[in-house]
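Here is data_3.cif, consisting of mmCIF, C-alpha atoms and all ligand atoms:
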data_upload
loop_
_atom_site.group_PDB
_atom_site.id
_atom_site.type_symbol
_atom_site.label_atom_id
_atom_site.label_comp_id
_atom_site.auth_asym_id
_atom_site.auth_seq_id
_atom_site.Cartn_x
_atom_site.Cartn_y
_atom_site.Cartn_z
ATOM 1 C CA MET A 257 -47.597 -6.437 40.134
ATOM 2 C CA LYS A 258 -45.232 -3.669 41.126
ATOM 3 C CA ASP A 259 -42.599 -6.289 41.827
ATOM 4 C CA GLN A 260 -42.934 -7.751 38.382
ATOM 5 C CA ALA A 261 -42.612 -4.351 36.690
ATOM 6 C CA GLU A 262 -39.453 -3.702 38.679
ATOM 7 C CA LYS A 263 -38.027 -7.060 37.629
ATOM 8 C CA LEU A 264 -38.796 -6.285 34.019
ATOM 9 C CA ARG A 265 -37.064 -2.911 34.277
ATOM 10 C CA ILE A 266 -33.946 -4.512 35.737
ATOM 11 C CA LEU A 267 -33.985 -7.158 33.047
ATOM 12 C CA THR A 268 -34.296 -4.565 30.285
ATOM 13 C CA ARG A 269 -31.477 -2.523 31.806
ATOM 14 C CA ASN A 270 -29.217 -5.593 31.984
ATOM 15 C CA VAL A 271 -29.914 -6.516 28.369
ATOM 16 C CA LYS A 272 -29.199 -2.938 27.296
ATOM 17 C CA GLN A 273 -25.912 -2.904 29.184
ATOM 18 C CA GLN A 274 -24.985 -6.233 27.672
ATOM 19 C CA ILE A 275 -25.651 -4.977 24.129
ATOM 20 C CA GLU A 276 -23.671 -1.796 24.755
ATOM 21 C CA ALA A 277 -20.750 -3.827 26.105
ATOM 22 C CA GLU A 278 -20.885 -6.062 23.045
ATOM 23 C CA ILE A 279 -20.892 -3.082 20.692
ATOM 24 C CA ASP A 280 -17.796 -1.775 22.449
ATOM 25 C CA THR A 281 -15.928 -5.038 22.117
ATOM 26 C CA VAL A 282 -16.826 -5.753 18.479
ATOM 27 C CA PRO A 283 -13.848 -4.354 16.578
ATOM 28 C CA LYS A 284 -14.923 -1.659 14.166
ATOM 29 C CA ARG A 285 -14.220 -2.736 10.594
ATOM 30 C CA LYS A 286 -11.865 -0.050 9.483
ATOM 31 C CA HIS A 287 -10.837 0.642 5.935
ATOM 32 C CA THR A 288 -7.558 -0.667 4.617
ATOM 33 C CA ARG A 289 -4.782 1.932 4.236
ATOM 34 C CA VAL A 290 -3.861 2.041 0.545
ATOM 35 C CA ILE A 291 -0.243 3.017 -0.076
ATOM 36 C CA ALA A 292 1.318 3.322 -3.549
ATOM 37 C CA VAL A 293 5.085 2.928 -3.892
ATOM 38 C CA THR A 294 6.311 4.880 -6.887
ATOM 39 C CA SER A 295 9.268 6.823 -8.273
ATOM 40 C CA GLY A 296 10.168 9.252 -11.018
ATOM 41 C CA LYS A 297 13.132 7.283 -12.314
ATOM 42 C CA GLY A 298 13.086 3.520 -12.885
ATOM 43 C CA GLY A 299 15.246 0.958 -11.132
ATOM 44 C CA VAL A 300 15.611 2.877 -7.854
ATOM 45 C CA GLY A 301 14.422 0.036 -5.622
ATOM 46 C CA LYS A 302 10.605 0.318 -5.477
ATOM 47 C CA THR A 303 9.858 -3.383 -5.812
ATOM 48 C CA ASN A 304 12.395 -4.357 -3.175
ATOM 49 C CA ILE A 305 11.159 -1.682 -0.814
ATOM 50 C CA ALA A 306 7.482 -2.523 -1.392
ATOM 51 C CA LEU A 307 8.068 -6.212 -0.712
ATOM 52 C CA ASN A 308 10.348 -5.861 2.296
ATOM 53 C CA LEU A 309 8.259 -3.098 3.792
ATOM 54 C CA ALA A 310 5.178 -5.298 3.426
ATOM 55 C CA ILE A 311 6.994 -8.097 5.255
ATOM 56 C CA SER A 312 8.171 -5.739 8.016
ATOM 57 C CA ILE A 313 4.702 -4.315 8.533
ATOM 58 C CA SER A 314 3.394 -7.864 8.740
ATOM 59 C CA GLU A 315 6.025 -8.609 11.384
ATOM 60 C CA LEU A 316 4.567 -5.734 13.397
ATOM 61 C CA GLY A 317 1.340 -7.709 13.570
ATOM 62 C CA GLU A 318 -0.557 -5.924 10.811
ATOM 63 C CA LYS A 319 -2.202 -7.685 7.919
ATOM 64 C CA VAL A 320 -0.771 -6.718 4.561
ATOM 65 C CA ILE A 321 -1.728 -7.255 0.937
ATOM 66 C CA LEU A 322 0.851 -6.437 -1.721
ATOM 67 C CA LEU A 323 -0.485 -5.613 -5.164
ATOM 68 C CA ASP A 324 2.030 -6.043 -7.934
ATOM 69 C CA ALA A 325 0.937 -3.391 -10.390
ATOM 70 C CA ASP A 326 4.270 -3.086 -12.152
ATOM 71 C CA MET A 327 4.092 -4.070 -15.772
ATOM 72 C CA GLY A 328 7.844 -4.050 -16.234
ATOM 73 C CA LEU A 329 10.536 -6.453 -15.151
ATOM 74 C CA GLY A 330 11.445 -7.293 -11.588
ATOM 75 C CA ASN A 331 7.971 -8.300 -10.483
ATOM 76 C CA VAL A 332 7.333 -9.078 -6.855
ATOM 77 C CA ASP A 333 6.681 -12.757 -7.471
ATOM 78 C CA ILE A 334 10.014 -13.134 -9.217
ATOM 79 C CA ILE A 335 11.986 -11.590 -6.392
ATOM 80 C CA VAL A 336 10.389 -13.891 -3.832
ATOM 81 C CA GLY A 337 10.681 -16.919 -6.095
ATOM 82 C CA LEU A 338 6.938 -17.563 -6.269
ATOM 83 C CA ILE A 339 5.151 -18.521 -9.416
ATOM 84 C CA PRO A 340 1.624 -17.180 -9.476
ATOM 85 C CA ARG A 341 -0.766 -19.388 -11.412
ATOM 86 C CA TYR A 342 -3.262 -16.642 -12.056
ATOM 87 C CA ASN A 343 -3.453 -12.888 -12.057
ATOM 88 C CA LEU A 344 -6.065 -10.152 -12.107
ATOM 89 C CA TYR A 345 -6.768 -10.939 -15.719
ATOM 90 C CA ASP A 346 -8.238 -14.299 -14.665
ATOM 91 C CA LEU A 347 -10.528 -12.402 -12.311
ATOM 92 C CA ILE A 348 -11.655 -10.177 -15.140
ATOM 93 C CA LYS A 349 -12.357 -13.168 -17.325
ATOM 94 C CA ARG A 350 -14.461 -14.353 -14.381
ATOM 95 C CA GLU A 351 -12.524 -17.560 -14.259
ATOM 96 C CA LYS A 352 -11.061 -17.074 -10.807
ATOM 97 C CA SER A 353 -12.027 -15.348 -7.595
ATOM 98 C CA ILE A 354 -9.705 -12.892 -5.902
ATOM 99 C CA ARG A 355 -8.912 -15.465 -3.229
ATOM 100 C CA GLU A 356 -7.827 -17.980 -5.853
ATOM 101 C CA ILE A 357 -5.518 -15.408 -7.424
ATOM 102 C CA MET A 358 -3.772 -14.260 -4.265
ATOM 103 C CA ILE A 359 -0.650 -16.079 -3.198
ATOM 104 C CA THR A 360 0.800 -16.197 0.281
ATOM 105 C CA GLY A 361 4.241 -14.668 0.482
ATOM 106 C CA PRO A 362 6.831 -14.441 3.264
ATOM 107 C CA LYS A 363 5.496 -13.805 6.787
ATOM 108 C CA GLY A 364 1.948 -14.325 5.626
ATOM 109 C CA ILE A 365 1.696 -11.328 3.331
ATOM 110 C CA GLN A 366 -0.859 -11.809 0.595
ATOM 111 C CA ILE A 367 0.309 -10.988 -2.913
ATOM 112 C CA ILE A 368 -2.036 -10.063 -5.747
ATOM 113 C CA PRO A 369 -0.286 -10.598 -9.079
ATOM 114 C CA GLY A 370 -1.626 -7.783 -11.203
ATOM 115 C CA GLY A 371 -0.535 -8.871 -14.644
ATOM 116 C CA SER A 372 -2.093 -6.758 -17.332
ATOM 117 C CA GLY A 373 -5.465 -7.140 -15.626
ATOM 118 C CA ILE A 374 -5.535 -3.750 -13.963
ATOM 119 C CA PHE A 375 -5.374 -1.867 -17.205
ATOM 120 C CA GLN A 376 -7.909 -4.090 -18.854
ATOM 121 C CA MET A 377 -10.359 -3.122 -16.165
ATOM 122 C CA ALA A 378 -10.781 0.162 -17.995
ATOM 123 C CA ASP A 379 -12.410 -1.664 -20.917
ATOM 124 C CA LEU A 380 -15.021 -3.462 -18.868
ATOM 125 C CA LYS A 381 -18.717 -2.788 -19.130
ATOM 126 C CA GLU A 382 -20.257 -1.038 -16.153
ATOM 127 C CA TRP A 383 -21.954 -4.194 -14.852
ATOM 128 C CA ASP A 384 -18.817 -6.364 -15.107
ATOM 129 C CA LEU A 385 -16.761 -3.662 -13.569
ATOM 130 C CA ARG A 386 -19.084 -3.445 -10.609
ATOM 131 C CA MET A 387 -18.702 -7.184 -10.074
ATOM 132 C CA ILE A 388 -14.911 -6.973 -10.224
ATOM 133 C CA VAL A 389 -14.705 -3.976 -7.936
ATOM 134 C CA ASP A 390 -17.054 -5.738 -5.503
ATOM 135 C CA GLU A 391 -14.861 -8.815 -5.595
ATOM 136 C CA LEU A 392 -11.698 -6.803 -4.876
ATOM 137 C CA GLY A 393 -13.611 -4.687 -2.396
ATOM 138 C CA SER A 394 -14.458 -7.798 -0.401
ATOM 139 C CA LEU A 395 -10.857 -7.653 0.831
ATOM 140 C CA ASP A 396 -11.392 -4.250 2.392
ATOM 141 C CA GLY A 397 -11.023 -4.173 6.136
ATOM 142 C CA GLU A 398 -9.690 -7.742 6.141
ATOM 143 C CA SER A 399 -6.245 -6.350 5.849
ATOM 144 C CA ASP A 400 -4.733 -3.267 7.446
ATOM 145 C CA TYR A 401 -2.553 -2.267 4.499
ATOM 146 C CA LEU A 402 -2.640 -2.540 0.740
ATOM 147 C CA ILE A 403 0.809 -1.759 -0.617
ATOM 148 C CA VAL A 404 0.870 -1.148 -4.362
ATOM 149 C CA ASP A 405 4.125 -1.610 -6.230
ATOM 150 C CA THR A 406 3.910 0.499 -9.385
ATOM 151 C CA GLY A 407 6.166 1.212 -12.323
ATOM 152 C CA ALA A 408 8.160 4.443 -12.576
ATOM 153 C CA GLY A 409 7.444 7.782 -14.188
ATOM 154 C CA ILE A 410 4.591 10.082 -14.921
ATOM 155 C CA ALA A 411 2.854 7.984 -17.579
ATOM 156 C CA SER A 412 -0.800 8.040 -16.666
ATOM 157 C CA ASN A 413 -1.015 4.314 -15.956
ATOM 158 C CA VAL A 414 1.558 4.764 -13.195
ATOM 159 C CA LEU A 415 0.491 8.154 -11.963
ATOM 160 C CA ASN A 416 -3.105 7.076 -11.498
ATOM 161 C CA PHE A 417 -2.113 4.830 -8.614
ATOM 162 C CA ALA A 418 -0.422 7.746 -6.934
ATOM 163 C CA LEU A 419 -3.429 9.976 -7.534
ATOM 164 C CA THR A 420 -5.838 7.428 -6.116
ATOM 165 C CA ALA A 421 -4.011 6.042 -3.079
ATOM 166 C CA ASP A 422 -4.328 7.342 0.485
ATOM 167 C CA GLU A 423 -0.580 7.697 0.667
ATOM 168 C CA ILE A 424 2.241 7.796 -1.839
ATOM 169 C CA ILE A 425 5.731 6.609 -1.032
ATOM 170 C CA ILE A 426 8.220 8.157 -3.441
ATOM 171 C CA VAL A 427 11.490 6.261 -3.697
ATOM 172 C CA THR A 428 14.624 8.040 -4.865
ATOM 173 C CA THR A 429 18.344 7.429 -4.805
ATOM 174 C CA PRO A 430 20.895 10.211 -4.156
ATOM 175 C CA GLU A 431 21.586 10.479 -7.909
ATOM 176 C CA PRO A 432 20.715 13.954 -9.195
ATOM 177 C CA THR A 433 18.554 12.549 -12.023
ATOM 178 C CA SER A 434 16.603 10.430 -9.568
ATOM 179 C CA ILE A 435 16.076 13.423 -7.243
ATOM 180 C CA THR A 436 14.906 15.627 -10.121
ATOM 181 C CA ASP A 437 12.487 12.940 -11.279
ATOM 182 C CA ALA A 438 11.214 12.409 -7.715
ATOM 183 C CA TYR A 439 10.468 16.121 -7.515
ATOM 184 C CA GLY A 440 8.873 15.886 -10.970
ATOM 185 C CA ILE A 441 6.444 13.205 -9.890
ATOM 186 C CA ILE A 442 5.511 15.040 -6.697
ATOM 187 C CA LYS A 443 4.904 18.166 -8.768
ATOM 188 C CA THR A 444 2.785 16.389 -11.381
ATOM 189 C CA ALA A 445 0.800 14.515 -8.741
ATOM 190 C CA THR A 446 0.214 17.774 -6.847
ATOM 191 C CA LEU A 447 -0.944 19.606 -9.984
ATOM 192 C CA ARG A 448 -3.238 16.681 -10.714
ATOM 193 C CA LYS A 449 -4.639 17.034 -7.187
ATOM 194 C CA ALA A 450 -3.349 13.840 -5.608
ATOM 195 C CA ARG A 451 -5.545 13.151 -2.591
ATOM 196 C CA GLY A 452 -2.938 11.336 -0.533
ATOM 197 C CA LYS A 453 -0.021 12.230 1.624
ATOM 198 C CA PHE A 454 3.526 12.094 0.244
ATOM 199 C CA HIS A 455 6.235 10.073 1.964
ATOM 200 C CA LEU A 456 9.848 9.850 0.834
ATOM 201 C CA ILE A 457 12.407 7.056 1.080
ATOM 202 C CA VAL A 458 15.990 7.676 0.013
ATOM 203 C CA ASN A 459 17.442 4.365 -1.155
ATOM 204 C CA ARG A 460 21.020 3.258 -1.792
ATOM 205 C CA VAL A 461 22.689 5.902 0.368
ATOM 206 C CA GLU A 462 26.307 5.649 1.486
ATOM 207 C CA SER A 463 25.650 7.213 4.886
ATOM 208 C CA LYS A 464 22.826 8.416 7.094
ATOM 209 C CA SER A 465 23.906 12.000 6.527
ATOM 210 C CA GLU A 466 23.638 11.549 2.768
ATOM 211 C CA GLY A 467 20.097 10.230 3.229
ATOM 212 C CA ASP A 468 19.199 13.132 5.528
ATOM 213 C CA ALA A 469 20.620 15.695 3.103
ATOM 214 C CA VAL A 470 18.694 14.322 0.106
ATOM 215 C CA GLY A 471 15.515 14.080 2.171
ATOM 216 C CA LYS A 472 15.828 17.654 3.475
ATOM 217 C CA ASN A 473 16.560 18.947 0.007
ATOM 218 C CA ILE A 474 13.425 17.402 -1.506
ATOM 219 C CA GLU A 475 11.327 18.371 1.511
ATOM 220 C CA TYR A 476 12.499 21.980 1.153
ATOM 221 C CA VAL A 477 11.872 22.390 -2.580
ATOM 222 C CA CYS A 478 8.444 20.766 -2.324
ATOM 223 C CA LYS A 479 7.471 23.144 0.471
ATOM 224 C CA ARG A 480 8.973 26.183 -1.211
ATOM 225 C CA PHE A 481 7.765 25.676 -4.789
ATOM 226 C CA LEU A 482 4.717 23.459 -4.460
ATOM 227 C CA ASN A 483 3.628 24.240 -0.917
ATOM 228 C CA VAL A 484 3.425 20.521 -0.299
ATOM 229 C CA LYS A 485 4.527 18.679 2.803
ATOM 230 C CA VAL A 486 6.629 15.586 2.221
ATOM 231 C CA ASN A 487 7.090 13.232 5.149
ATOM 232 C CA ILE A 488 10.588 11.774 5.246
ATOM 233 C CA LEU A 489 10.176 8.116 6.152
ATOM 234 C CA GLY A 490 13.895 7.386 6.171
ATOM 235 C CA HIS A 491 16.710 5.961 4.122
ATOM 236 C CA VAL A 492 18.011 2.542 3.092
ATOM 237 C CA MET A 493 21.749 2.061 2.847
ATOM 238 C CA GLU A 494 23.509 0.701 -0.219
ATOM 239 C CA ASP A 495 23.883 -2.937 0.779
ATOM 240 C CA SER A 496 25.136 -5.860 -1.314
ATOM 241 C CA LYS A 497 22.701 -8.099 0.586
ATOM 242 C CA VAL A 498 19.849 -6.524 -1.399
ATOM 243 C CA HIS A 499 21.431 -7.615 -4.651
ATOM 244 C CA ASN A 500 22.205 -11.087 -3.217
ATOM 245 C CA ALA A 501 18.588 -11.503 -2.124
ATOM 246 C CA VAL A 502 17.345 -10.565 -5.597
ATOM 247 C CA MET A 503 19.751 -13.031 -7.187
ATOM 248 C CA GLN A 504 18.587 -15.806 -4.879
ATOM 249 C CA GLN A 505 14.928 -14.892 -5.343
ATOM 250 C CA GLN A 506 14.446 -14.515 -1.633
ATOM 251 C CA ALA A 507 13.154 -11.592 0.341
ATOM 252 C CA LEU A 508 15.886 -9.595 2.069
ATOM 253 C CA MET A 509 13.975 -9.663 5.362
ATOM 254 C CA LEU A 510 14.199 -13.468 5.381
ATOM 255 C CA MET A 511 17.600 -13.948 3.848
ATOM 256 C CA ALA A 512 19.484 -11.266 5.752
ATOM 257 C CA PRO A 513 17.215 -9.985 8.538
ATOM 258 C CA SER A 514 20.062 -8.357 10.435
ATOM 259 C CA SER A 515 21.644 -6.671 7.402
ATOM 260 C CA ILE A 516 21.812 -2.898 7.508
ATOM 261 C CA ALA A 517 19.276 -2.536 4.667
ATOM 262 C CA ALA A 518 16.826 -4.849 6.494
ATOM 263 C CA GLN A 519 17.246 -2.795 9.672
ATOM 264 C CA ASN A 520 16.563 0.379 7.718
ATOM 265 C CA VAL A 521 13.395 -1.084 6.200
ATOM 266 C CA ARG A 522 12.254 -2.163 9.663
ATOM 267 C CA GLY A 523 12.751 1.390 10.926
ATOM 268 C CA ILE A 524 10.682 2.705 8.029
ATOM 269 C CA ALA A 525 7.891 0.212 8.793
ATOM 270 C CA HIS A 526 7.863 1.484 12.376
ATOM 271 C CA SER A 527 7.554 5.091 11.346
ATOM 272 C CA LEU A 528 4.892 4.300 8.748
ATOM 273 C CA CYS A 529 2.793 2.460 11.317
ATOM 274 C CA GLY A 530 3.443 5.063 14.017
ATOM 275 C CA VAL A 531 1.068 7.822 14.944
ATOM 276 C CA ASN A 532 3.023 10.545 13.186
ATOM 277 C CA ALA A 533 2.619 8.971 9.795
ATOM 278 C CA GLN A 534 -1.112 8.448 9.747
ATOM 279 C CA PRO A 535 -2.762 9.359 6.440
ATOM 280 C CA ARG A 536 -3.792 12.950 5.809
ATOM 281 C CA VAL A 537 -7.130 11.729 4.555
ATOM 282 C CA GLU A 538 -9.437 9.001 5.818
ATOM 283 C CA PRO A 539 -8.458 5.769 4.093
ATOM 284 C CA ILE A 540 -10.882 5.132 1.252
ATOM 285 C CA GLY A 541 -10.549 1.386 1.403
ATOM 286 C CA ILE A 542 -9.840 -1.166 -1.276
ATOM 287 C CA LYS A 543 -13.189 -0.989 -3.014
ATOM 288 C CA ASP A 544 -13.177 2.761 -3.538
ATOM 289 C CA PHE A 545 -9.525 2.658 -4.451
ATOM 290 C CA PHE A 546 -10.224 0.341 -7.378
ATOM 291 C CA ARG A 547 -13.385 2.201 -8.309
ATOM 292 C CA ARG A 548 -11.508 5.511 -8.537
ATOM 293 C CA LEU A 549 -8.534 3.894 -10.201
ATOM 294 C CA VAL A 550 -10.613 2.426 -12.983
ATOM 295 C CA LYS A 551 -12.400 5.730 -13.460
ATOM 296 C CA SER A 552 -9.048 7.437 -13.874
ATOM 297 C CA LEU A 553 -7.914 4.834 -16.424
ATOM 298 C CA GLU A 554 -10.907 5.435 -18.696
HETATM 299 N N1 LIG B 1 19.607 -0.611 -0.963
HETATM 300 C C1 LIG B 1 20.133 -1.248 -2.029
HETATM 301 N N2 LIG B 1 21.432 -1.659 -2.010
HETATM 302 C C2 LIG B 1 21.973 -2.285 -3.083
HETATM 303 N N3 LIG B 1 21.315 -2.562 -4.189
HETATM 304 C C3 LIG B 1 20.042 -2.176 -4.287
HETATM 305 C C4 LIG B 1 19.367 -1.509 -3.215
HETATM 306 N N4 LIG B 1 18.095 -1.259 -3.604
HETATM 307 C C5 LIG B 1 17.973 -1.754 -4.854
HETATM 308 N N5 LIG B 1 19.138 -2.305 -5.272
HETATM 309 C C6 LIG B 1 19.406 -2.917 -6.592
HETATM 310 O O1 LIG B 1 18.618 -2.299 -7.570
HETATM 311 C C7 LIG B 1 17.923 -3.265 -8.319
HETATM 312 C C8 LIG B 1 16.590 -2.718 -8.777
HETATM 313 O O2 LIG B 1 15.698 -2.692 -7.683
HETATM 314 P P1 LIG B 1 14.123 -2.779 -7.899
HETATM 315 O O3 LIG B 1 13.777 -3.830 -8.886
HETATM 316 O O4 LIG B 1 13.508 -2.884 -6.555
HETATM 317 O O5 LIG B 1 13.854 -1.348 -8.542
HETATM 318 P P2 LIG B 1 12.495 -0.773 -9.135
HETATM 319 O O6 LIG B 1 12.451 0.670 -8.769
HETATM 320 O O7 LIG B 1 11.350 -1.621 -8.695
HETATM 321 O O8 LIG B 1 12.712 -0.950 -10.685
HETATM 322 P P3 LIG B 1 11.597 -0.738 -11.849
HETATM 323 O O9 LIG B 1 11.467 0.751 -12.048
HETATM 324 O O10 LIG B 1 12.197 -1.430 -13.019
HETATM 325 O O11 LIG B 1 10.341 -1.367 -11.366
HETATM 326 C C9 LIG B 1 17.830 -4.487 -7.418
HETATM 327 O O12 LIG B 1 17.770 -5.660 -8.158
HETATM 328 C C10 LIG B 1 19.089 -4.408 -6.603
HETATM 329 O O13 LIG B 1 20.135 -5.093 -7.261
HETATM 330 MG MG MG B 2 9.835 -2.612 -9.809
#

Representation of the structure as structure tokens:
Amino acid sequence: MKDQAEKLRILTRNVKQQIEAEIDTVPKRKHTRVIAVTSGKGGVGKTNIALNLAISISELGEKVILLDADMGLGNVDIIVGLIPRYNLYDLIKREKSIREIMITGPKGIQIIPGGSGIFQMADLKEWDLRMIVDELGSLDGESDYLIVDTGAGIASNVLNFALTADEIIIVTTPEPTSITDAYGIIKTATLRKARGKFHLIVNRVESKSEGDAVGKNIEYVCKRFLNVKVNILGHVMEDSKVHNAVMQQQALMLMAPSSIAAQNVRGIAHSLCGVNAQPRVEPIGIKDFFRRLVKSLE
């Protein structure tokens, strides 16, 4: 009798240990890091940076979704020569699922063509909206990063992405107007209580020192006048290969992987994925991102 009780105890202990070991090995489903790429001035290189950064992060072994939320020209699909058959609008019409809308881009990145769908989400009835947000939310945790390519400026339909994301990458060039507008967007986002952390990329620089100087300048004024910390992610050199890639509708990282601009983007991907650039806030995940975004569009 005593023997049997002992056996039972050992058995129970073994099962317990087994379960604990299993819990430890099951990867915890973490939320996706949502990063908006935006700028004050238009045409500074957001779409190219968003796309090539997404590819570089994917090359580091992370899963990346790229959301094309730019209503203007120069959409992501055009610069990689892909023709999306559907966009978020088809999801809203309930004609397609999110997985049917997404297209696979270079290095396995998943691209969500936004179309005008994002802004039409604001007009949905509560029930429909919940369905849509659930559908988009089903992607959460499946990918490590959601990079959102937005338009430029402080119009609310652009700014809302910046206010909602976990992190905001501001792209500027060394041009004084671009710097002023970059500061302007950081200021507006701060006054509107952006929840995320600000990162800065200085694009189209002639030298590293020019990039450093612009970065330091913006970092200083933001600290001094807004009391906001801006993390300098790095710079991308002026490089004709970027223009060539756009003309050939191919991603720079594929067409000219050893070009100086591609190397710069790779360096930025490293620092974004590194420990020093982790988000200031816990990532909210894709579902909450869309939920908050739609709320802000109302
Ligand atoms: N590092 C670079 N070197 C040379 N040319 C560049 C570089 N970055 C961007 N460009 C040029 O600038 C153009 C505009 O870039 P892009 O479309 O990425 O800007 P954007 O900020 O997304 O514009 P928009 O505000 O219209 O969305 C590119 O087509 C390319 O020719
Ligand atoms: Mg663009």

Name the residues captured by the PyMOL selection byres (((chain A and resi 366-369) around 8) and not hetatm) when it is applied to the shown file; answer as number ranges by chain.
-> A: 320-325, 333, 340, 342-344, 357-361, 364-365, 370-371

Could you pull out the residues sitting within 10 Å of ligand MG 2 (chain B), using all atoms listed in the file, and write them as a ChimeraX atom specification?
-> /A:293-295,298-307,324-332,335,405-408

Take the selection from the previous step and output its residues with C-alpha atoms, as a PDB file, keeping the file's coordinate frame.
ATOM      1  CA  VAL A 293       5.085   2.928  -3.892  1.00  0.00           C
ATOM      2  CA  THR A 294       6.311   4.880  -6.887  1.00  0.00           C
ATOM      3  CA  SER A 295       9.268   6.823  -8.273  1.00  0.00           C
ATOM      4  CA  GLY A 298      13.086   3.520 -12.885  1.00  0.00           C
ATOM      5  CA  GLY A 299      15.246   0.958 -11.132  1.00  0.00           C
ATOM      6  CA  VAL A 300      15.611   2.877  -7.854  1.00  0.00           C
ATOM      7  CA  GLY A 301      14.422   0.036  -5.622  1.00  0.00           C
ATOM      8  CA  LYS A 302      10.605   0.318  -5.477  1.00  0.00           C
ATOM      9  CA  THR A 303       9.858  -3.383  -5.812  1.00  0.00           C
ATOM     10  CA  ASN A 304      12.395  -4.357  -3.175  1.00  0.00           C
ATOM     11  CA  ILE A 305      11.159  -1.682  -0.814  1.00  0.00           C
ATOM     12  CA  ALA A 306       7.482  -2.523  -1.392  1.00  0.00           C
ATOM     13  CA  LEU A 307       8.068  -6.212  -0.712  1.00  0.00           C
ATOM     14  CA  ASP A 324       2.030  -6.043  -7.934  1.00  0.00           C
ATOM     15  CA  ALA A 325       0.937  -3.391 -10.390  1.00  0.00           C
ATOM     16  CA  ASP A 326       4.270  -3.086 -12.152  1.00  0.00           C
ATOM     17  CA  MET A 327       4.092  -4.070 -15.772  1.00  0.00           C
ATOM     18  CA  GLY A 328       7.844  -4.050 -16.234  1.00  0.00           C
ATOM     19  CA  LEU A 329      10.536  -6.453 -15.151  1.00  0.00           C
ATOM     20  CA  GLY A 330      11.445  -7.293 -11.588  1.00  0.00           C
ATOM     21  CA  ASN A 331       7.971  -8.300 -10.483  1.00  0.00           C
ATOM     22  CA  VAL A 332       7.333  -9.078  -6.855  1.00  0.00           C
ATOM     23  CA  ILE A 335      11.986 -11.590  -6.392  1.00  0.00           C
ATOM     24  CA  ASP A 405       4.125  -1.610  -6.230  1.00  0.00           C
ATOM     25  CA  THR A 406       3.910   0.499  -9.385  1.00  0.00           C
ATOM     26  CA  GLY A 407       6.166   1.212 -12.323  1.00  0.00           C
ATOM     27  CA  ALA A 408       8.160   4.443 -12.576  1.00  0.00           C
TER      28      ALA A 408
END

List, as a compact mmCIF listing (two decimals) with C-alpha atoms, in the frame of the given file, every residue that the PyMOL selection byres (((chain A and resi 506) around 10) and not hetatm) selects in the file provided.
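For reference, selection37.txt as written:
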# COMPACT_ATOMS: atom_id res chain seq x y z
CA ASP A 333 6.68 -12.76 -7.47
CA ILE A 334 10.01 -13.13 -9.22
CA ILE A 335 11.99 -11.59 -6.39
CA VAL A 336 10.39 -13.89 -3.83
CA GLY A 337 10.68 -16.92 -6.10
CA LEU A 338 6.94 -17.56 -6.27
CA PRO A 362 6.83 -14.44 3.26
CA VAL A 498 19.85 -6.52 -1.40
CA ASN A 500 22.20 -11.09 -3.22
CA ALA A 501 18.59 -11.50 -2.12
CA VAL A 502 17.34 -10.56 -5.60
CA MET A 503 19.75 -13.03 -7.19
CA GLN A 504 18.59 -15.81 -4.88
CA GLN A 505 14.93 -14.89 -5.34
CA ALA A 507 13.15 -11.59 0.34
CA LEU A 508 15.89 -9.60 2.07
CA MET A 509 13.98 -9.66 5.36
CA LEU A 510 14.20 -13.47 5.38
CA MET A 511 17.60 -13.95 3.85
CA ALA A 512 19.48 -11.27 5.75

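What the PyMOL selection byres (((chain A and resi 447-449) around 12) and not hetatm) picks from this file is Ile410, Ser412, Leu415, Asn416, Ala418, Leu419, Thr420, Ala421, Gly440, Ile441, Ile442, Lys443, Thr444, Ala445, Thr446, Ala450, Arg451, Gly452, Lys453, Phe481, Leu482, Asn483, Val484 and Ser552 of chain A.
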
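The two atoms in question, atom CA of A:Glu475 and atom CA of A:Thr428, are spaced 12.6 Å apart.
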
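For the atom pair formed by atom CA of A:Glu318 and atom CA of A:Val458, the distance is 24.0 Å, given to one decimal.
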
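One finds atom CA of A:Ile540 at 20.4 Å from atom CA of A:Val486.
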
Test item: residues at most 10 Å from A:Gly541, all atoms listed in the file, excluding those fewer than 2 positions along its chain, as a ChimeraX atom specification | /A:286-290,393,395-397,399-402,421-422,538-539,543-546

Keeping only C-alpha atoms, write the selected residues to a file as an mmCIF file, in the frame of the given file.
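Listing of result15.cif after writing:
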data_model
loop_
_atom_site.group_PDB
_atom_site.id
_atom_site.type_symbol
_atom_site.label_atom_id
_atom_site.label_comp_id
_atom_site.auth_asym_id
_atom_site.auth_seq_id
_atom_site.Cartn_x
_atom_site.Cartn_y
_atom_site.Cartn_z
ATOM 1 C CA LYS A 286 -11.865 -0.050 9.483
ATOM 2 C CA HIS A 287 -10.837 0.642 5.935
ATOM 3 C CA THR A 288 -7.558 -0.667 4.617
ATOM 4 C CA ARG A 289 -4.782 1.932 4.236
ATOM 5 C CA VAL A 290 -3.861 2.041 0.545
ATOM 6 C CA GLY A 393 -13.611 -4.687 -2.396
ATOM 7 C CA LEU A 395 -10.857 -7.653 0.831
ATOM 8 C CA ASP A 396 -11.392 -4.250 2.392
ATOM 9 C CA GLY A 397 -11.023 -4.173 6.136
ATOM 10 C CA SER A 399 -6.245 -6.350 5.849
ATOM 11 C CA ASP A 400 -4.733 -3.267 7.446
ATOM 12 C CA TYR A 401 -2.553 -2.267 4.499
ATOM 13 C CA LEU A 402 -2.640 -2.540 0.740
ATOM 14 C CA ALA A 421 -4.011 6.042 -3.079
ATOM 15 C CA ASP A 422 -4.328 7.342 0.485
ATOM 16 C CA GLU A 538 -9.437 9.001 5.818
ATOM 17 C CA PRO A 539 -8.458 5.769 4.093
ATOM 18 C CA LYS A 543 -13.189 -0.989 -3.014
ATOM 19 C CA ASP A 544 -13.177 2.761 -3.538
ATOM 20 C CA PHE A 545 -9.525 2.658 -4.451
ATOM 21 C CA PHE A 546 -10.224 0.341 -7.378
#
